[in-house]
Amino acid sequence: MITRRTRAVLLAASLVALTGCGAGTAKDDPAAATAPTGSSATPAPRTSVQAAPLRIPGLGPRTRAGIPEDSGQAVVVTGEGRDASVSRAVLYERTARGWRPGTVWPAHNALKGWTDHHMGGDLRSPIGVFGLTDAGGLLPDPGTRLPYDQGRGFTSPGTGFEGEPLDGSFDYVVAINYNRRSGTTPLDWTRPLGADRGGGIWFHVDHGGPTHGCVSLSEAHMKDLLRALDPARHPVVVMGDAASLDH
């Protein structure tokens with residue numbers, strides 16, 4: 001005698017045999033689960049749910065609009081506050097689904113924080129979206145695809161704001177295209193906006209304290225950045241304090 005429980009087990013086994021590996025069961029299929037018992041009606045077709053494109057977190061519409069459509073890499077440097085000299089940097093890669101983040105890198109920015117109208121000597125880092133087209137340093141090229149200028153001009157003598165030695169700060173640099181001419185060595189002092197608007201804003205090796213206007217990363221992370229940046233992907237930096245970037 002086949003009991004009701006035995007009949008249910010046999011029915012479940014036959015469903016597994018029919019669906020095959022990975023195809024799902026009636027329990028997994030919302031359309032099948034809602035079909036009337038004993039009905040011959042065809043279940044509604046299943047629809048795929050497309051994930052929303054991944055946006056870079058912390059960027060408001062105005063900041064996002066500043067990233068060129070052809071940019072496939074964006075280094076986002078987010079300051080802790082408008083007047084803070086501590087920040088973090090993340091390299092994002094644009095994919096078919098949106099922006100994919102890399103590792104978070106600790107960073108320093110200028111002594112007095114950030115400004116949306118940088119002036120020479122104001123000890124603030126400029127806020128905005130800027131191209132990354134040129135690199136260089138005192139030490140040999142670590143394997144970047146950017147044009148790389150090696151030379152003694154990248155010597156960094158003296159001490160920082162907290163008395164730390166600056167030696168080695170310019171061993172590796174990436175020029176940030178604020179008030180400079182792209183396609184030239186980072187040592188090119190051409191200032192399209194005028195000398196009073198400052199310049200020489202770089203990514204460079206961290207010396208353990210605030211900068212004059214640059215963004216500094218550890219030596220290991222500077223090498224990672226240099227090796228990752230691809231001029232064919234038109235990399236940019238998006239930089240500023242968190243509140244400003246959220247606009």
# chains A, B, ... in the order shown; residues from 1 in each chain; ligands from 1
>>> residues_around(residues="Glu162 in chain A", least_positions_apart="6", cutoff="9 Å", atoms="only C-alpha atoms", output="ChimeraX atom specification")
/A:208-210
>>> write_last_selection(atoms="all heavy atoms", output="PDB file, in the first residue's frame")
ATOM      1  N   GLY A 208      55.519  60.801   6.133  1.00  0.00           N
ATOM      2  CA  GLY A 208      55.040  60.691   7.499  1.00  0.00           C
ATOM      3  C   GLY A 208      54.355  61.914   8.042  1.00  0.00           C
ATOM      4  O   GLY A 208      54.099  62.007   9.253  1.00  0.00           O
ATOM      5  N   GLY A 209      54.012  62.871   7.182  1.00  0.00           N
ATOM      6  CA  GLY A 209      53.347  64.079   7.646  1.00  0.00           C
ATOM      7  C   GLY A 209      52.624  64.783   6.520  1.00  0.00           C
ATOM      8  O   GLY A 209      52.615  64.317   5.373  1.00  0.00           O
ATOM      9  N   PRO A 210      51.996  65.939   6.824  1.00  0.00           N
ATOM     10  CA  PRO A 210      51.252  66.691   5.806  1.00  0.00           C
ATOM     11  C   PRO A 210      52.150  67.176   4.682  1.00  0.00           C
ATOM     12  O   PRO A 210      53.374  67.303   4.832  1.00  0.00           O
ATOM     13  CB  PRO A 210      50.681  67.875   6.600  1.00  0.00           C
ATOM     14  CG  PRO A 210      50.751  67.476   8.032  1.00  0.00           C
ATOM     15  CD  PRO A 210      51.934  66.564   8.150  1.00  0.00           C
TER      16      PRO A 210
END
>>> residues_around(residues="Met222 in chain A", least_positions_apart="5", cutoff="10 Å", atoms="only C-alpha atoms", output="CSV table (one decimal) with N, CA and C atoms, in the first residue's frame")
chain,number,residue,atom,x,y,z
A,105,TRP,N,44.1,52.8,0.5
A,105,TRP,CA,45.5,53.2,0.8
A,105,TRP,C,45.5,54.4,1.7
A,142,PRO,N,59.6,51.8,-12.0
A,142,PRO,CA,59.3,50.5,-11.5
A,142,PRO,C,58.4,49.6,-12.3
A,171,ASP,N,61.1,59.9,-4.8
A,171,ASP,CA,61.7,58.7,-5.5
A,171,ASP,C,60.7,58.3,-6.6
A,172,TYR,N,59.4,58.4,-6.4
A,172,TYR,CA,58.4,58.0,-7.4
A,172,TYR,C,57.3,59.1,-7.3
A,173,VAL,N,56.9,59.7,-8.4
A,173,VAL,CA,55.8,60.6,-8.4
A,173,VAL,C,54.9,60.4,-9.7
A,174,VAL,N,53.7,60.8,-9.5
A,174,VAL,CA,52.7,60.9,-10.6
A,174,VAL,C,52.2,62.3,-10.6
A,203,PHE,N,51.2,63.0,-6.8
A,203,PHE,CA,51.3,61.9,-5.9
A,203,PHE,C,52.7,61.6,-5.7
A,204,HIS,N,53.1,61.4,-4.5
A,204,HIS,CA,54.5,61.1,-4.2
A,204,HIS,C,54.6,60.2,-3.0
A,205,VAL,N,55.9,59.8,-2.6
A,205,VAL,CA,56.1,58.9,-1.5
A,205,VAL,C,55.8,59.6,-0.2
A,206,ASP,N,55.1,59.0,0.7
A,206,ASP,CA,54.8,59.6,2.0
A,206,ASP,C,56.0,59.7,2.9
A,216,SER,N,50.3,62.1,-0.7
A,216,SER,CA,51.4,61.1,-0.5
A,216,SER,C,50.9,59.8,-0.1
A,217,LEU,N,51.5,58.7,-0.7
A,217,LEU,CA,51.2,57.3,-0.4
A,217,LEU,C,52.5,56.6,0.1
A,227,ARG,N,52.3,51.0,-11.4
A,227,ARG,CA,52.1,49.8,-12.3
A,227,ARG,C,50.7,49.6,-12.7
A,228,ALA,N,49.8,50.2,-12.0
A,228,ALA,CA,48.3,50.0,-12.3
A,228,ALA,C,47.8,51.0,-13.4
>>> select_by_dssp(residues="range 36-229 of chain A", states="strand (DSSP E or B)", output="ChimeraX atom specification")
/A:54,73-79,86-95,98-108,110,114-115,125-126,128-131,135-137,148-150,159,165,173-175,202-205,211,215-217
>>> residues_around(residues="Arg180 in chain A", least_positions_apart="4", cutoff="10 Å", atoms="only C-alpha atoms", output="list in words")
Ala175, Ile176, Thr184, Pro186, Leu187, Asp188, Trp189, Thr190, Arg191, Pro192, Leu193, Gly194, Gly198, Gly199, Gly200 and Ile201 of chain A
>>> closest_residue(among="A:Asp122, A:Asp167, A:Asp246, A:Asp241", to="His212 in chain A", atoms="only C-alpha atoms")
A:Asp122
>>> decode(residues="range 84-109 of chain A", atoms="N, CA, C and O atoms", output="PDB file, in the first residue's frame")
ATOM      1  N   ALA A  84      41.539  68.956   7.301  1.00  0.00           N
ATOM      2  CA  ALA A  84      42.368  67.829   7.761  1.00  0.00           C
ATOM      3  C   ALA A  84      43.426  67.470   6.728  1.00  0.00           C
ATOM      4  O   ALA A  84      43.225  67.651   5.521  1.00  0.00           O
ATOM      5  N   SER A  85      44.537  66.933   7.214  1.00  0.00           N
ATOM      6  CA  SER A  85      45.639  66.548   6.319  1.00  0.00           C
ATOM      7  C   SER A  85      45.742  65.046   6.132  1.00  0.00           C
ATOM      8  O   SER A  85      46.689  64.567   5.504  1.00  0.00           O
ATOM      9  N   VAL A  86      44.785  64.290   6.662  1.00  0.00           N
ATOM     10  CA  VAL A  86      44.785  62.834   6.548  1.00  0.00           C
ATOM     11  C   VAL A  86      43.653  62.416   5.608  1.00  0.00           C
ATOM     12  O   VAL A  86      42.543  62.943   5.677  1.00  0.00           O
ATOM     13  N   SER A  87      43.953  61.479   4.720  1.00  0.00           N
ATOM     14  CA  SER A  87      42.967  61.046   3.728  1.00  0.00           C
ATOM     15  C   SER A  87      43.184  59.585   3.397  1.00  0.00           C
ATOM     16  O   SER A  87      44.067  58.922   3.955  1.00  0.00           O
ATOM     17  N   ARG A  88      42.374  59.084   2.493  1.00  0.00           N
ATOM     18  CA  ARG A  88      42.528  57.715   2.009  1.00  0.00           C
ATOM     19  C   ARG A  88      42.351  57.723   0.499  1.00  0.00           C
ATOM     20  O   ARG A  88      41.647  58.577  -0.053  1.00  0.00           O
ATOM     21  N   ALA A  89      42.987  56.776  -0.158  1.00  0.00           N
ATOM     22  CA  ALA A  89      42.941  56.703  -1.618  1.00  0.00           C
ATOM     23  C   ALA A  89      42.519  55.297  -2.044  1.00  0.00           C
ATOM     24  O   ALA A  89      42.949  54.299  -1.449  1.00  0.00           O
ATOM     25  N   VAL A  90      41.680  55.232  -3.071  1.00  0.00           N
ATOM     26  CA  VAL A  90      41.228  53.966  -3.631  1.00  0.00           C
ATOM     27  C   VAL A  90      41.260  54.072  -5.150  1.00  0.00           C
ATOM     28  O   VAL A  90      40.726  55.035  -5.714  1.00  0.00           O
ATOM     29  N   LEU A  91      41.869  53.100  -5.815  1.00  0.00           N
ATOM     30  CA  LEU A  91      41.863  53.049  -7.275  1.00  0.00           C
ATOM     31  C   LEU A  91      40.650  52.247  -7.730  1.00  0.00           C
ATOM     32  O   LEU A  91      40.512  51.068  -7.394  1.00  0.00           O
ATOM     33  N   TYR A  92      39.761  52.903  -8.492  1.00  0.00           N
ATOM     34  CA  TYR A  92      38.579  52.247  -9.054  1.00  0.00           C
ATOM     35  C   TYR A  92      38.813  51.951 -10.531  1.00  0.00           C
ATOM     36  O   TYR A  92      39.387  52.777 -11.260  1.00  0.00           O
ATOM     37  N   GLU A  93      38.341  50.779 -10.958  1.00  0.00           N
ATOM     38  CA  GLU A  93      38.421  50.371 -12.359  1.00  0.00           C
ATOM     39  C   GLU A  93      36.999  50.278 -12.913  1.00  0.00           C
ATOM     40  O   GLU A  93      36.140  49.635 -12.310  1.00  0.00           O
ATOM     41  N   ARG A  94      36.765  50.892 -14.075  1.00  0.00           N
ATOM     42  CA  ARG A  94      35.435  50.815 -14.681  1.00  0.00           C
ATOM     43  C   ARG A  94      35.284  49.476 -15.394  1.00  0.00           C
ATOM     44  O   ARG A  94      36.124  49.079 -16.195  1.00  0.00           O
ATOM     45  N   THR A  95      34.202  48.758 -15.093  1.00  0.00           N
ATOM     46  CA  THR A  95      33.909  47.471 -15.711  1.00  0.00           C
ATOM     47  C   THR A  95      32.553  47.555 -16.406  1.00  0.00           C
ATOM     48  O   THR A  95      31.894  48.596 -16.393  1.00  0.00           O
ATOM     49  N   ALA A  96      32.116  46.440 -16.994  1.00  0.00           N
ATOM     50  CA  ALA A  96      30.819  46.412 -17.663  1.00  0.00           C
ATOM     51  C   ALA A  96      29.678  46.662 -16.682  1.00  0.00           C
ATOM     52  O   ALA A  96      28.618  47.168 -17.056  1.00  0.00           O
ATOM     53  N   ARG A  97      29.871  46.330 -15.411  1.00  0.00           N
ATOM     54  CA  ARG A  97      28.834  46.513 -14.401  1.00  0.00           C
ATOM     55  C   ARG A  97      28.957  47.827 -13.651  1.00  0.00           C
ATOM     56  O   ARG A  97      28.090  48.185 -12.866  1.00  0.00           O
ATOM     57  N   GLY A  98      30.038  48.534 -13.848  1.00  0.00           N
ATOM     58  CA  GLY A  98      30.244  49.776 -13.114  1.00  0.00           C
ATOM     59  C   GLY A  98      31.661  49.835 -12.555  1.00  0.00           C
ATOM     60  O   GLY A  98      32.568  49.174 -13.056  1.00  0.00           O
ATOM     61  N   TRP A  99      31.832  50.616 -11.497  1.00  0.00           N
ATOM     62  CA  TRP A  99      33.156  50.854 -10.937  1.00  0.00           C
ATOM     63  C   TRP A  99      33.495  49.818  -9.869  1.00  0.00           C
ATOM     64  O   TRP A  99      32.736  49.615  -8.929  1.00  0.00           O
ATOM     65  N   ARG A 100      34.645  49.173 -10.031  1.00  0.00           N
ATOM     66  CA  ARG A 100      35.108  48.157  -9.076  1.00  0.00           C
ATOM     67  C   ARG A 100      36.255  48.733  -8.257  1.00  0.00           C
ATOM     68  O   ARG A 100      37.261  49.187  -8.797  1.00  0.00           O
ATOM     69  N   PRO A 101      36.148  48.727  -6.894  1.00  0.00           N
ATOM     70  CA  PRO A 101      37.191  49.334  -6.063  1.00  0.00           C
ATOM     71  C   PRO A 101      38.366  48.411  -5.825  1.00  0.00           C
ATOM     72  O   PRO A 101      38.243  47.185  -5.816  1.00  0.00           O
ATOM     73  N   GLY A 102      39.511  49.025  -5.626  1.00  0.00           N
ATOM     74  CA  GLY A 102      40.685  48.289  -5.192  1.00  0.00           C
ATOM     75  C   GLY A 102      40.881  48.445  -3.694  1.00  0.00           C
ATOM     76  O   GLY A 102      39.947  48.748  -2.950  1.00  0.00           O
ATOM     77  N   THR A 103      42.120  48.282  -3.247  1.00  0.00           N
ATOM     78  CA  THR A 103      42.458  48.367  -1.828  1.00  0.00           C
ATOM     79  C   THR A 103      42.455  49.825  -1.370  1.00  0.00           C
ATOM     80  O   THR A 103      42.791  50.730  -2.136  1.00  0.00           O
ATOM     81  N   VAL A 104      42.094  50.038  -0.117  1.00  0.00           N
ATOM     82  CA  VAL A 104      42.163  51.376   0.476  1.00  0.00           C
ATOM     83  C   VAL A 104      43.603  51.642   0.917  1.00  0.00           C
ATOM     84  O   VAL A 104      44.196  50.839   1.643  1.00  0.00           O
ATOM     85  N   TRP A 105      44.148  52.768   0.467  1.00  0.00           N
ATOM     86  CA  TRP A 105      45.510  53.160   0.827  1.00  0.00           C
ATOM     87  C   TRP A 105      45.477  54.390   1.726  1.00  0.00           C
ATOM     88  O   TRP A 105      44.879  55.413   1.363  1.00  0.00           O
ATOM     89  N   PRO A 106      46.115  54.353   2.895  1.00  0.00           N
ATOM     90  CA  PRO A 106      46.229  55.567   3.712  1.00  0.00           C
ATOM     91  C   PRO A 106      47.029  56.627   2.963  1.00  0.00           C
ATOM     92  O   PRO A 106      47.960  56.304   2.217  1.00  0.00           O
ATOM     93  N   ALA A 107      46.689  57.891   3.178  1.00  0.00           N
ATOM     94  CA  ALA A 107      47.349  58.978   2.445  1.00  0.00           C
ATOM     95  C   ALA A 107      47.411  60.230   3.305  1.00  0.00           C
ATOM     96  O   ALA A 107      46.686  60.371   4.297  1.00  0.00           O
ATOM     97  N   HIS A 108      48.301  61.133   2.914  1.00  0.00           N
ATOM     98  CA  HIS A 108      48.335  62.494   3.452  1.00  0.00           C
ATOM     99  C   HIS A 108      48.022  63.474   2.333  1.00  0.00           C
ATOM    100  O   HIS A 108      48.319  63.215   1.161  1.00  0.00           O
ATOM    101  N   ASN A 109      47.447  64.609   2.706  1.00  0.00           N
ATOM    102  CA  ASN A 109      47.272  65.723   1.781  1.00  0.00           C
ATOM    103  C   ASN A 109      47.858  66.969   2.443  1.00  0.00           C
ATOM    104  O   ASN A 109      48.647  66.862   3.379  1.00  0.00           O
TER     105      ASN A 109
END
